[in-house]
Amino acid sequence: QNPAIRDRHWQELMMATKVKFVMDESTKLDDLLALNLHNFEDEVKGIVDKAVKEMGMEKVLKEMDATWSAMEFTYEPHTRTKTPLLKGDEELIETLEDNQVQIQNLMTSKYIAHFLEEVSGWQKKLSNADSVISIWFEVQRTWSHLESIFIGSEDIRNQLPEDSKRFDGIDVDFKELMADAETTPNVIVATNKPGLYDKLEEIQGRLTLCEKALAEYLETKRLAFPRFYFVSSADLLDILSNGTQPTIVARHLPKLFDNTAKLKFQEDEDGKPTKTATGMYSKEGEYCDFDQPVELDGQVEIWLNKLLDRVRATVRSQFTEGVVTFEEKPRDQWLFEYPAQCALNCSQIW
């Protein structure tokens, strides 16, 4: 007897041969020969082939059930809030993709009839898991990015109060969702909860509104100071959130100016830097005093424009003075009294 043969196949065989018999431990070869099954060779062969194919399907489904019964999400805490976040798992994604292909192949088999309900069930579960995991990671990534901006930055909260309030609601919903998810580690059970995909989609929609508002806000800042187009959104947010602290913003100067590495600030009585800049350093360490001090106060895009004007005015005054004094001083003395850029250009003029 072929091990793939099940009771249902014997029933099919009886229907095909129109002969009734009982298949049990007492059945002997003589009993089967007496049925003249050799007269139904094609029917018997067809039923056996079907049984073998169905056994293959049965094996695939059992392995799939064992795999997903043990497949669980892993979590890692969010750096700032310690909220549990889904951890990327390549093995999970690969298994999910492979099993979806297997299910699709089973659905196209002509021997699917007996397992149609079970295979359809797996197709729906895996499809839901795929959709939910995809949008879940997207929502999680967006939330992680915006959380430090709308929750961690007072400047942004003051500038975008309505969107900050919207994000507060998103923050509560997302944390509740993640807390609930952590209590259901099994991937299939967790991703097939009723309404989960719709909930994630709704959160994603609200996050998109916050992202759009943030992008529009950053665009107004870039229009006010076009050199902001040279820096990433992350750097620009850091600049804006520290806009009232020029000494911190100064670390971004090399990204905004071609060769301005840092500024020199006046110090107060305690030796701490004030918001008044008196000069600038190049990346090579060359120093140049401003033609007059510049106050770096107010909105960051405004004082950066003031700084840019002062840099231009200073270089222009250095050019003018260098050209005038070119013949008044010895060459070796004159050369080191001006920034290298100015000295080179003044030499070319003469």
# chains A, B, ... in the order shown; residues from 1 in each chain; ligands from 1
>>> select_by_dssp(residues="segment 98-320 of chain A", states="strand (DSSP E)", output="list in words")
Lys262, Leu263, Lys264, Phe265, Gln266, Glu267, Pro273, Thr274, Lys275, Thr276, Ala277, Thr278, Gly279, Met280, Tyr281, Tyr287, Cys288, Asp289, Phe290, Asp291, Gln292, Pro293, Val294 and Glu295 of chain A
>>> residues_around(residues="Glu118 of chain A", least_positions_apart="4", cutoff="12 Å", atoms="only C-alpha atoms", output="PyMOL selection string")
chain A and resi 57-58+60-62+64-65+103+106-107+112-114+122-125
>>> write_last_selection(atoms="C-alpha atoms", output="PDB file, in the first residue's frame")
ATOM      1  CA  MET A  57       0.643  19.388  -0.014  1.00  0.00           C
ATOM      2  CA  GLU A  58      -0.095  17.988   3.420  1.00  0.00           C
ATOM      3  CA  VAL A  60       4.014  21.623   3.072  1.00  0.00           C
ATOM      4  CA  LEU A  61       1.044  22.734   5.171  1.00  0.00           C
ATOM      5  CA  LYS A  62       2.302  20.903   8.276  1.00  0.00           C
ATOM      6  CA  MET A  64       4.140  25.891   7.419  1.00  0.00           C
ATOM      7  CA  ASP A  65       2.020  25.455  10.526  1.00  0.00           C
ATOM      8  CA  ILE A 103       0.835  28.950  -1.157  1.00  0.00           C
ATOM      9  CA  LEU A 106      -0.579  25.191  -4.154  1.00  0.00           C
ATOM     10  CA  MET A 107      -3.530  27.333  -5.235  1.00  0.00           C
ATOM     11  CA  ILE A 112      -6.113  21.556  -4.349  1.00  0.00           C
ATOM     12  CA  ALA A 113      -9.750  20.540  -3.723  1.00  0.00           C
ATOM     13  CA  HIS A 114      -9.260  18.699  -0.407  1.00  0.00           C
ATOM     14  CA  TRP A 122      -3.042  30.474   4.934  1.00  0.00           C
ATOM     15  CA  GLN A 123      -3.120  32.694   1.868  1.00  0.00           C
ATOM     16  CA  LYS A 124      -5.235  35.246   3.735  1.00  0.00           C
ATOM     17  CA  LYS A 125      -3.134  35.048   6.929  1.00  0.00           C
TER      18      LYS A 125
END
>>> atom_distance(atom1="atom CA of Ser317 of chain A", atom2="atom CA of Phe290 of chain A")
9.5 Å
>>> residues_around(residues="segment 277-283 of chain A", least_positions_apart="3", cutoff="7 Å", atoms="only C-alpha atoms", output="VMD selection string")
chain A and resid 259 to 266 286 to 290 292 to 295
>>> residues_around(residues="Gln204 of chain A", least_positions_apart="2", cutoff="10 Å", atoms="only C-alpha atoms", output="JSON, numbers by chain")
{"A": [135, 136, 138, 139, 140, 142, 143, 170, 198, 199, 200, 201, 202, 206, 207, 208, 209, 210]}
>>> write_last_selection(atoms="C-alpha atoms", output="mmCIF file, in the first residue's frame")
data_model
loop_
_atom_site.group_PDB
_atom_site.id
_atom_site.type_symbol
_atom_site.label_atom_id
_atom_site.label_comp_id
_atom_site.auth_asym_id
_atom_site.auth_seq_id
_atom_site.Cartn_x
_atom_site.Cartn_y
_atom_site.Cartn_z
ATOM 1 C CA ILE A 135 2.988 49.441 6.857
ATOM 2 C CA TRP A 136 3.976 48.786 10.493
ATOM 3 C CA GLU A 138 6.863 52.409 7.741
ATOM 4 C CA VAL A 139 4.721 53.922 10.525
ATOM 5 C CA GLN A 140 7.360 53.018 13.109
ATOM 6 C CA THR A 142 8.172 57.823 10.528
ATOM 7 C CA TRP A 143 7.110 58.013 14.178
ATOM 8 C CA ILE A 170 -0.474 59.976 17.226
ATOM 9 C CA ASP A 198 -6.838 50.037 9.257
ATOM 10 C CA LYS A 199 -5.476 51.464 12.526
ATOM 11 C CA LEU A 200 -1.936 51.589 11.155
ATOM 12 C CA GLU A 201 -3.173 53.141 7.919
ATOM 13 C CA GLU A 202 -5.034 55.830 9.874
ATOM 14 C CA ARG A 206 -1.922 61.554 10.287
ATOM 15 C CA LEU A 207 1.857 61.179 10.234
ATOM 16 C CA THR A 208 1.856 62.220 6.579
ATOM 17 C CA LEU A 209 0.065 65.446 7.531
ATOM 18 C CA CYS A 210 2.726 66.154 10.162
#
>>> closest_residue(among="A:Lys87, A:Gly56, A:Phe257, A:Thr244", to="Gln102 of chain A", atoms="only C-alpha atoms")
A:Gly56
>>> closest_residue(among="A:Ala343, A:Leu307, A:Val324, A:Ile149", to="Asp291 of chain A", atoms="only C-alpha atoms")
A:Leu307
